[in-house]
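Presented below is the structure to which this report refers.
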Amino acid sequence: MFLYKIEIALELQTVYLIVAAESDEKAFDHMESHLVRHFIHNPVVKEAVLVEKRRLDKGAGYIIETNA
């Protein structure tokens with residue numbers, strides 16, 4: 001099992017998804033279901049890029065920086 005960080009460029013914003021999956025393909029499959037659950041209307045995905053992939057071990061995680 002791996003922990004994936006996916007950058008998703010939508011029409012009006014860029015979002016990041018951190019998801020646990022068994023393969024790259026399953027991570028992108030999970031991405032679709034998370035987008036549908038998170039947004040009221042299905043967003044148009046311009047581009048989705050796998051930014052990082054880590055083996056899922058105890059304590060695995062990511063730092064997400066913002067420009068605030």
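In the structure tokens, each chain is lettered A, B, ... as it comes, each chain's residues begin at 1, and ligands are numbered from 1 in order of appearance.
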
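The shell of residues at most 9 Å from Glu22 in chain A, with only C-alpha atoms counted and near chain neighbours (fewer than 6 positions) removed, consists of A:Met1, A:Phe2, A:Leu3.
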
To test your reading of the structure, identify every residue in chain A that backbone DSSP assigns to helix (DSSP H, G or I), and report it as a ChimeraX atom specification. /A:24-38

Select, from A:Thr14, A:Ile63, A:His34, A:Tyr4, the residue with the minimum atom-to-atom distance to Glu47 in chain A, counting only C-alpha atoms.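 Checking each of A:Thr14, A:Ile63, A:His34, A:Tyr4 against Glu47 in chain A, counting only C-alpha atoms, the winner is A:Thr14.
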
Contacts of range 29-33 of chain A within 10 Å, only C-alpha atoms, excl. fewer than 2 positions in-chain, as a PyMOL selection string: chain A and resi 6+8+16-21+23-27+35-38+42-43+45+48

Using backbone DSSP assignments, extract all strand (DSSP E or B) residues from chain A; output them as a PyMOL selection string. chain A and resi 2-10+14-21+45-55

Kindly save the residues from that selection, with C-alpha atoms included, as a PDB file, in the first residue's frame.
ATOM      1  CA  PHE A   2       1.244   3.476  -0.874  1.00  0.00           C
ATOM      2  CA  LEU A   3       0.404   7.041   0.106  1.00  0.00           C
ATOM      3  CA  TYR A   4      -0.045   9.303  -2.933  1.00  0.00           C
ATOM      4  CA  LYS A   5       0.011  13.084  -3.259  1.00  0.00           C
ATOM      5  CA  ILE A   6      -1.873  14.157  -6.399  1.00  0.00           C
ATOM      6  CA  GLU A   7      -2.055  17.739  -7.689  1.00  0.00           C
ATOM      7  CA  ILE A   8      -5.348  18.373  -9.476  1.00  0.00           C
ATOM      8  CA  ALA A   9      -5.784  21.429 -11.713  1.00  0.00           C
ATOM      9  CA  LEU A  10      -9.460  22.348 -11.912  1.00  0.00           C
ATOM     10  CA  THR A  14      -5.684  23.759  -7.870  1.00  0.00           C
ATOM     11  CA  VAL A  15      -6.341  21.183  -5.156  1.00  0.00           C
ATOM     12  CA  TYR A  16      -4.260  18.406  -3.624  1.00  0.00           C
ATOM     13  CA  LEU A  17      -5.409  14.914  -2.739  1.00  0.00           C
ATOM     14  CA  ILE A  18      -3.583  12.652  -0.311  1.00  0.00           C
ATOM     15  CA  VAL A  19      -4.876   9.114  -0.745  1.00  0.00           C
ATOM     16  CA  ALA A  20      -3.842   5.575   0.207  1.00  0.00           C
ATOM     17  CA  ALA A  21      -3.973   3.055  -2.639  1.00  0.00           C
ATOM     18  CA  VAL A  45     -10.330  18.341 -14.223  1.00  0.00           C
ATOM     19  CA  LYS A  46      -7.831  19.990 -16.570  1.00  0.00           C
ATOM     20  CA  GLU A  47      -4.852  17.977 -15.348  1.00  0.00           C
ATOM     21  CA  ALA A  48      -3.973  15.551 -12.560  1.00  0.00           C
ATOM     22  CA  VAL A  49      -0.330  14.921 -11.711  1.00  0.00           C
ATOM     23  CA  LEU A  50       1.162  12.376  -9.337  1.00  0.00           C
ATOM     24  CA  VAL A  51       3.521  14.555  -7.278  1.00  0.00           C
ATOM     25  CA  GLU A  52       4.785  12.051  -4.731  1.00  0.00           C
ATOM     26  CA  LYS A  53       4.435   8.376  -3.812  1.00  0.00           C
ATOM     27  CA  ARG A  54       5.532   6.892  -0.480  1.00  0.00           C
ATOM     28  CA  ARG A  55       5.239   3.461   1.026  1.00  0.00           C
TER      29      ARG A  55
END
